[in-house]
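A.B. asks: Data: input08.json, JSON, C-alpha atoms.
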```json
[["chain", "number", "residue", "atom", "x", "y", "z"],
["A", 1, "MET", "CA", 4.82, -22.99, -9.93],
["A", 2, "ASP", "CA", 1.39, -21.94, -8.67],
["A", 3, "ASN", "CA", 0.22, -18.33, -8.64],
["A", 4, "TYR", "CA", 0.78, -17.82, -4.91],
["A", 5, "THR", "CA", 4.38, -19.08, -4.99],
["A", 6, "TYR", "CA", 5.09, -16.95, -8.05],
["A", 7, "MET", "CA", 3.60, -13.88, -6.33],
["A", 8, "VAL", "CA", 5.66, -14.48, -3.17],
["A", 9, "SER", "CA", 8.92, -14.81, -5.07],
["A", 10, "ARG", "CA", 8.11, -11.76, -7.20],
["A", 11, "GLN", "CA", 7.36, -9.55, -4.19],
["A", 12, "LEU", "CA", 10.46, -10.65, -2.29],
["A", 13, "LYS", "CA", 12.57, -10.08, -5.39],
["A", 14, "TRP", "CA", 11.29, -6.52, -5.66],
["A", 15, "MET", "CA", 11.96, -5.93, -1.97],
["A", 16, "PHE", "CA", 15.58, -7.05, -2.41],
["A", 17, "TYR", "CA", 15.93, -4.74, -5.42],
["A", 18, "ILE", "CA", 14.65, -1.84, -3.33],
["A", 19, "LEU", "CA", 17.02, -2.74, -0.50],
["A", 20, "ALA", "CA", 19.91, -2.79, -3.00],
["A", 21, "ILE", "CA", 18.92, 0.69, -4.21],
["A", 22, "PHE", "CA", 18.85, 1.91, -0.59],
["A", 23, "VAL", "CA", 22.31, 0.44, 0.04],
["A", 24, "ILE", "CA", 23.67, 2.14, -3.08],
["A", 25, "GLY", "CA", 22.07, 5.40, -1.94],
["A", 26, "TRP", "CA", 23.66, 5.01, 1.48],
["A", 27, "GLY", "CA", 27.08, 4.36, -0.01],
["A", 28, "PHE", "CA", 27.15, 7.04, -2.68],
["A", 29, "THR", "CA", 25.18, 10.01, -1.35],
["A", 30, "ASP", "CA", 25.46, 12.45, 1.53],
["A", 31, "TYR", "CA", 22.07, 11.35, 2.93],
["A", 32, "GLN", "CA", 23.43, 8.43, 4.90],
["A", 33, "THR", "CA", 21.11, 8.77, 7.90],
["A", 34, "ILE", "CA", 18.06, 8.78, 5.63],
["A", 35, "PHE", "CA", 19.23, 5.76, 3.65],
["A", 36, "ALA", "CA", 20.30, 3.96, 6.83],
["A", 37, "GLY", "CA", 16.77, 4.46, 8.17],
["A", 38, "LEU", "CA", 15.29, 3.21, 4.91],
["A", 39, "ILE", "CA", 17.57, 0.17, 5.01],
["A", 40, "LEU", "CA", 16.63, -0.60, 8.63],
["A", 41, "GLY", "CA", 12.90, -0.21, 8.03],
["A", 42, "ALA", "CA", 12.84, -2.02, 4.69],
["A", 43, "GLY", "CA", 15.07, -4.81, 6.00],
["A", 44, "ILE", "CA", 12.79, -5.46, 8.97],
["A", 45, "SER", "CA", 9.69, -5.21, 6.82],
["A", 46, "THR", "CA", 11.15, -7.60, 4.24],
["A", 47, "PHE", "CA", 11.60, -10.10, 7.05],
["A", 48, "ASN", "CA", 8.01, -9.44, 8.14],
["A", 49, "LEU", "CA", 6.74, -9.93, 4.58],
["A", 50, "TRP", "CA", 8.62, -13.21, 4.29],
["A", 51, "LEU", "CA", 7.37, -14.33, 7.71],
["A", 52, "LEU", "CA", 3.76, -13.55, 6.80],
["A", 53, "GLN", "CA", 4.05, -15.42, 3.51],
["A", 54, "VAL", "CA", 5.56, -18.47, 5.22],
["A", 55, "LYS", "CA", 2.78, -18.46, 7.83],
["A", 56, "ILE", "CA", 0.09, -18.13, 5.14],
["A", 57, "ASN", "CA", 1.65, -21.02, 3.23],
["A", 58, "ARG", "CA", 1.72, -23.19, 6.38],
["A", 59, "LEU", "CA", -1.85, -22.20, 7.18],
["A", 60, "GLY", "CA", -3.01, -23.20, 3.71],
["A", 61, "GLN", "CA", -1.17, -26.51, 3.80],
["A", 62, "GLY", "CA", -2.37, -27.34, 7.32],
["A", 63, "VAL", "CA", -6.01, -26.55, 6.67],
["A", 64, "VAL", "CA", -6.19, -28.22, 3.27],
["A", 65, "GLU", "CA", -3.95, -31.24, 3.76],
["A", 66, "ARG", "CA", -4.24, -32.10, 7.45],
["A", 67, "ASP", "CA", -7.49, -30.37, 8.42],
["A", 68, "GLU", "CA", -5.73, -28.45, 11.21],
["A", 69, "LYS", "CA", -6.92, -25.23, 12.78],
["A", 70, "ARG", "CA", -4.43, -22.38, 12.98],
["A", 71, "ARG", "CA", -5.24, -19.42, 15.19],
["A", 72, "THR", "CA", -2.64, -16.82, 14.28],
["A", 73, "LEU", "CA", -0.50, -15.54, 11.45],
["A", 74, "GLY", "CA", 2.17, -14.14, 13.78],
["A", 75, "MET", "CA", 0.88, -10.58, 14.07],
["A", 76, "LEU", "CA", 2.52, -10.12, 17.46],
["A", 77, "THR", "CA", 5.89, -11.16, 16.02],
["A", 78, "ARG", "CA", 5.55, -8.69, 13.15],
["A", 79, "PHE", "CA", 4.53, -5.90, 15.53],
["A", 80, "ALA", "CA", 7.48, -6.71, 17.77],
["A", 81, "THR", "CA", 9.98, -6.53, 14.91],
["A", 82, "ALA", "CA", 8.50, -3.21, 13.77],
["A", 83, "ALA", "CA", 8.76, -1.92, 17.35],
["A", 84, "LEU", "CA", 12.36, -3.14, 17.41],
["A", 85, "ALA", "CA", 13.11, -1.11, 14.28],
["A", 86, "ALA", "CA", 11.48, 1.95, 15.86],
["A", 87, "ALA", "CA", 13.42, 1.44, 19.10],
["A", 88, "ILE", "CA", 16.71, 1.16, 17.21],
["A", 89, "GLY", "CA", 15.87, 4.30, 15.24],
["A", 90, "LEU", "CA", 15.04, 6.19, 18.43],
["A", 91, "GLN", "CA", 18.11, 4.90, 20.27],
["A", 92, "TYR", "CA", 20.53, 5.97, 17.51],
["A", 93, "PRO", "CA", 19.11, 9.15, 15.93],
["A", 94, "GLU", "CA", 22.56, 10.15, 14.65],
["A", 95, "VAL", "CA", 22.66, 6.97, 12.53],
["A", 96, "PHE", "CA", 19.00, 6.41, 11.56],
["A", 97, "ASN", "CA", 16.45, 8.98, 10.46],
["A", 98, "MET", "CA", 13.23, 8.00, 12.24],
["A", 99, "ILE", "CA", 10.91, 9.17, 9.45],
["A", 100, "ALA", "CA", 12.94, 7.11, 6.98],
["A", 101, "VAL", "CA", 12.63, 4.06, 9.26],
["A", 102, "MET", "CA", 8.83, 4.43, 9.20],
["A", 103, "ILE", "CA", 8.82, 4.87, 5.41],
["A", 104, "GLY", "CA", 11.00, 1.78, 5.12],
["A", 105, "LEU", "CA", 8.56, -0.18, 7.27],
["A", 106, "MET", "CA", 5.77, 0.74, 4.82],
["A", 107, "THR", "CA", 7.73, -0.28, 1.71],
["A", 108, "PRO", "CA", 6.30, -3.84, 1.35],
["A", 109, "TYR", "CA", 2.77, -2.45, 1.30],
["A", 110, "LEU", "CA", 3.67, -0.33, -1.69],
["A", 111, "VAL", "CA", 5.28, -3.35, -3.33],
["A", 112, "ILE", "CA", 2.17, -5.47, -2.71],
["A", 113, "ILE", "CA", -0.17, -2.78, -4.08],
["A", 114, "ILE", "CA", 1.95, -2.13, -7.17],
["A", 115, "ASP", "CA", 2.34, -5.87, -7.76],
["A", 116, "TYR", "CA", -1.42, -6.31, -7.53],
["A", 117, "PHE", "CA", -2.13, -3.55, -10.06],
["A", 118, "LEU", "CA", 0.54, -4.80, -12.46],
["A", 119, "THR", "CA", -0.80, -8.35, -12.22],
["A", 120, "GLN", "CA", -4.39, -7.21, -12.75],
["A", 121, "THR", "CA", -3.35, -5.10, -15.74],
["A", 122, "GLU", "CA", -1.53, -8.08, -17.21],
["A", 123, "LEU", "CA", -4.54, -10.36, -16.67],
["A", 124, "THR", "CA", -6.90, -7.80, -18.21],
["A", 125, "THR", "CA", -4.63, -7.43, -21.23],
["A", 126, "ARG", "CA", -4.52, -11.22, -21.69],
["A", 127, "LYS", "CA", -8.32, -11.50, -21.52],
["A", 128, "ARG", "CA", -8.74, -8.82, -24.20],
["A", 129, "GLY", "CA", -6.30, -10.66, -26.46],
["A", 130, "GLU", "CA", -8.25, -13.92, -26.27]]
```
Translate this structure into structure tokens?

C.D. replies:
Amino acid sequence: MDNYTYMVSRQLKWMFYILAIFVIGWGFTDYQTIFAGLILGAGISTFNLWLLQVKINRLGQGVVERDEKRRTLGMLTRFATAALAAAIGLQYPEVFNMIAVMIGLMTPYLVIIIDYFLTQTELTTRKRGE
């Protein structure tokens, strides 16, 4: 498994763990609107993360293997799904906390940053051991 594929699976795995924690929080606490907003935002952003990674993989395969030119990574699609999450949060404020929806939409960025720092720390530790 190459580094990119390993990174993709690791980040999606962490996003599903976070979603599971949000679902448990929704089911067992009194903050159901907050956790529902986190679930909505993180669920949409997990889809966006997966979509971006699929598009990047296709872009890499098309450019390297078939010498194709690709113009977009689907930014409009990702913006539209984020707008959909915001619209759902605004339409049903009694179910979804809007601030929590926005925090949920930002969750993959935290996962990517933390994953990067953990990977760099691991690589630095390996280099010192050699």

A.B. asks: Please identify all polymer residues lying at most 12 Å from the point (18.8, 2.4, -2.2) (file coordinates), using only C-alpha atoms, and present the result as a list in words.

C.D. replies: Met15, Phe16, Tyr17, Ile18, Leu19, Ala20, Ile21, Phe22, Val23, Ile24, Gly25, Trp26, Gly27, Phe28, Thr29, Tyr31, Gln32, Ile34, Phe35, Ala36, Gly37, Leu38, Ile39, Leu40, Ala42, Gly43, Ala100 and Gly104 of chain A

A.B. asks: Once you have the residues from the selection above, write them out as a compact mmCIF listing (two decimals), in the frame of the given file, restricted to C-alpha atoms.

C.D. replies:
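File written: again.txt
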```txt
# COMPACT_ATOMS: atom_id res chain seq x y z
CA MET A 15 11.96 -5.93 -1.97
CA PHE A 16 15.58 -7.05 -2.41
CA TYR A 17 15.93 -4.74 -5.42
CA ILE A 18 14.65 -1.84 -3.33
CA LEU A 19 17.02 -2.74 -0.50
CA ALA A 20 19.91 -2.79 -3.00
CA ILE A 21 18.92 0.69 -4.21
CA PHE A 22 18.85 1.91 -0.59
CA VAL A 23 22.31 0.44 0.04
CA ILE A 24 23.67 2.14 -3.08
CA GLY A 25 22.07 5.40 -1.94
CA TRP A 26 23.66 5.01 1.48
CA GLY A 27 27.08 4.36 -0.01
CA PHE A 28 27.15 7.04 -2.68
CA THR A 29 25.18 10.01 -1.35
CA TYR A 31 22.07 11.35 2.93
CA GLN A 32 23.43 8.43 4.90
CA ILE A 34 18.06 8.78 5.63
CA PHE A 35 19.23 5.76 3.65
CA ALA A 36 20.30 3.96 6.83
CA GLY A 37 16.77 4.46 8.17
CA LEU A 38 15.29 3.21 4.91
CA ILE A 39 17.57 0.17 5.01
CA LEU A 40 16.63 -0.60 8.63
CA ALA A 42 12.84 -2.02 4.69
CA GLY A 43 15.07 -4.81 6.00
CA ALA A 100 12.94 7.11 6.98
CA GLY A 104 11.00 1.78 5.12
```

A.B. asks: Fewer than 3 positions away in the same chain doesn't count, so skip those; otherwise give me all residues within 10 Å of A:Asp115, counting only C-alpha atoms, as a PyMOL selection string.

C.D. replies: chain A and resi 7+10-11+14+109-112+118-121

A.B. asks: Quick one: residues within 12 Å of A:Ala87, only C-alpha atoms counted, chain neighbours fewer than 3 positions away excluded, as an MDAnalysis selection string?

C.D. replies: chainID A and resid 37 40:41 80:84 90:93 96:98 101:102

A.B. asks: Could you tell me how far atom CA of A:Thr125 sits from atom CA of A:Tyr4, in Å to one decimal place?

C.D. replies: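 Value for the atom CA of A:Tyr4-atom CA of A:Thr125 distance: 20.1 Å.
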
A.B. asks: To one decimal place in Å, what is the distance between atom CA of A:Thr33 and atom CA of A:Leu76?

C.D. replies: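 These two atoms are separated by 28.2 Å.
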
A.B. asks: Using Å and a single decimal, report how far atom CA of A:Gln61 sits from atom CA of A:Leu12.

C.D. replies: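 Spanning atom CA of A:Leu12 to atom CA of A:Gln61 is a straight-line distance of 20.6 Å.
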
A.B. asks: Would you mind completing stretch 98-117 of chain A to N, CA and C atoms and writing the output as a PDB file, keeping the file's coordinate frame?

C.D. replies:
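See result_2.pdb below for the written result:
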```
ATOM      1  N   MET A  98      14.423   8.712  11.777  1.00  0.00           N
ATOM      2  CA  MET A  98      13.230   8.000  12.240  1.00  0.00           C
ATOM      3  C   MET A  98      12.113   8.013  11.200  1.00  0.00           C
ATOM      4  N   ILE A  99      11.938   9.106  10.498  1.00  0.00           N
ATOM      5  CA  ILE A  99      10.910   9.170   9.450  1.00  0.00           C
ATOM      6  C   ILE A  99      11.246   8.169   8.340  1.00  0.00           C
ATOM      7  N   ALA A 100      12.520   8.059   8.002  1.00  0.00           N
ATOM      8  CA  ALA A 100      12.940   7.110   6.980  1.00  0.00           C
ATOM      9  C   ALA A 100      12.717   5.664   7.437  1.00  0.00           C
ATOM     10  N   VAL A 101      12.905   5.409   8.730  1.00  0.00           N
ATOM     11  CA  VAL A 101      12.630   4.060   9.260  1.00  0.00           C
ATOM     12  C   VAL A 101      11.152   3.730   9.058  1.00  0.00           C
ATOM     13  N   MET A 102      10.275   4.669   9.361  1.00  0.00           N
ATOM     14  CA  MET A 102       8.830   4.430   9.200  1.00  0.00           C
ATOM     15  C   MET A 102       8.468   4.247   7.724  1.00  0.00           C
ATOM     16  N   ILE A 103       9.067   5.032   6.850  1.00  0.00           N
ATOM     17  CA  ILE A 103       8.820   4.870   5.410  1.00  0.00           C
ATOM     18  C   ILE A 103       9.322   3.499   4.959  1.00  0.00           C
ATOM     19  N   GLY A 104      10.475   3.092   5.457  1.00  0.00           N
ATOM     20  CA  GLY A 104      11.000   1.780   5.120  1.00  0.00           C
ATOM     21  C   GLY A 104      10.099   0.656   5.593  1.00  0.00           C
ATOM     22  N   LEU A 105       9.485   0.831   6.766  1.00  0.00           N
ATOM     23  CA  LEU A 105       8.560  -0.180   7.270  1.00  0.00           C
ATOM     24  C   LEU A 105       7.310  -0.298   6.390  1.00  0.00           C
ATOM     25  N   MET A 106       6.954   0.757   5.690  1.00  0.00           N
ATOM     26  CA  MET A 106       5.770   0.740   4.820  1.00  0.00           C
ATOM     27  C   MET A 106       6.077   0.273   3.393  1.00  0.00           C
ATOM     28  N   THR A 107       7.335   0.074   3.067  1.00  0.00           N
ATOM     29  CA  THR A 107       7.730  -0.280   1.710  1.00  0.00           C
ATOM     30  C   THR A 107       7.059  -1.546   1.172  1.00  0.00           C
ATOM     31  N   PRO A 108       6.940  -2.640   1.923  1.00  0.00           N
ATOM     32  CA  PRO A 108       6.300  -3.840   1.350  1.00  0.00           C
ATOM     33  C   PRO A 108       4.847  -3.612   0.956  1.00  0.00           C
ATOM     34  N   TYR A 109       4.155  -2.718   1.657  1.00  0.00           N
ATOM     35  CA  TYR A 109       2.770  -2.450   1.300  1.00  0.00           C
ATOM     36  C   TYR A 109       2.687  -1.811  -0.072  1.00  0.00           C
ATOM     37  N   LEU A 110       3.613  -0.910  -0.355  1.00  0.00           N
ATOM     38  CA  LEU A 110       3.670  -0.330  -1.690  1.00  0.00           C
ATOM     39  C   LEU A 110       3.987  -1.390  -2.738  1.00  0.00           C
ATOM     40  N   VAL A 111       4.921  -2.276  -2.408  1.00  0.00           N
ATOM     41  CA  VAL A 111       5.280  -3.350  -3.330  1.00  0.00           C
ATOM     42  C   VAL A 111       4.083  -4.256  -3.593  1.00  0.00           C
ATOM     43  N   ILE A 112       3.337  -4.595  -2.558  1.00  0.00           N
ATOM     44  CA  ILE A 112       2.170  -5.470  -2.710  1.00  0.00           C
ATOM     45  C   ILE A 112       1.107  -4.784  -3.567  1.00  0.00           C
ATOM     46  N   ILE A 113       0.849  -3.509  -3.321  1.00  0.00           N
ATOM     47  CA  ILE A 113      -0.170  -2.780  -4.080  1.00  0.00           C
ATOM     48  C   ILE A 113       0.234  -2.655  -5.543  1.00  0.00           C
ATOM     49  N   ILE A 114       1.472  -2.268  -5.792  1.00  0.00           N
ATOM     50  CA  ILE A 114       1.950  -2.130  -7.170  1.00  0.00           C
ATOM     51  C   ILE A 114       1.942  -3.476  -7.872  1.00  0.00           C
ATOM     52  N   ASP A 115       2.358  -4.521  -7.183  1.00  0.00           N
ATOM     53  CA  ASP A 115       2.340  -5.870  -7.760  1.00  0.00           C
ATOM     54  C   ASP A 115       0.922  -6.282  -8.112  1.00  0.00           C
ATOM     55  N   TYR A 116      -0.025  -5.977  -7.253  1.00  0.00           N
ATOM     56  CA  TYR A 116      -1.420  -6.310  -7.530  1.00  0.00           C
ATOM     57  C   TYR A 116      -1.908  -5.605  -8.795  1.00  0.00           C
ATOM     58  N   PHE A 117      -1.658  -4.294  -8.893  1.00  0.00           N
ATOM     59  CA  PHE A 117      -2.130  -3.550 -10.060  1.00  0.00           C
ATOM     60  C   PHE A 117      -1.446  -4.011 -11.345  1.00  0.00           C
TER      61      PHE A 117
END
```
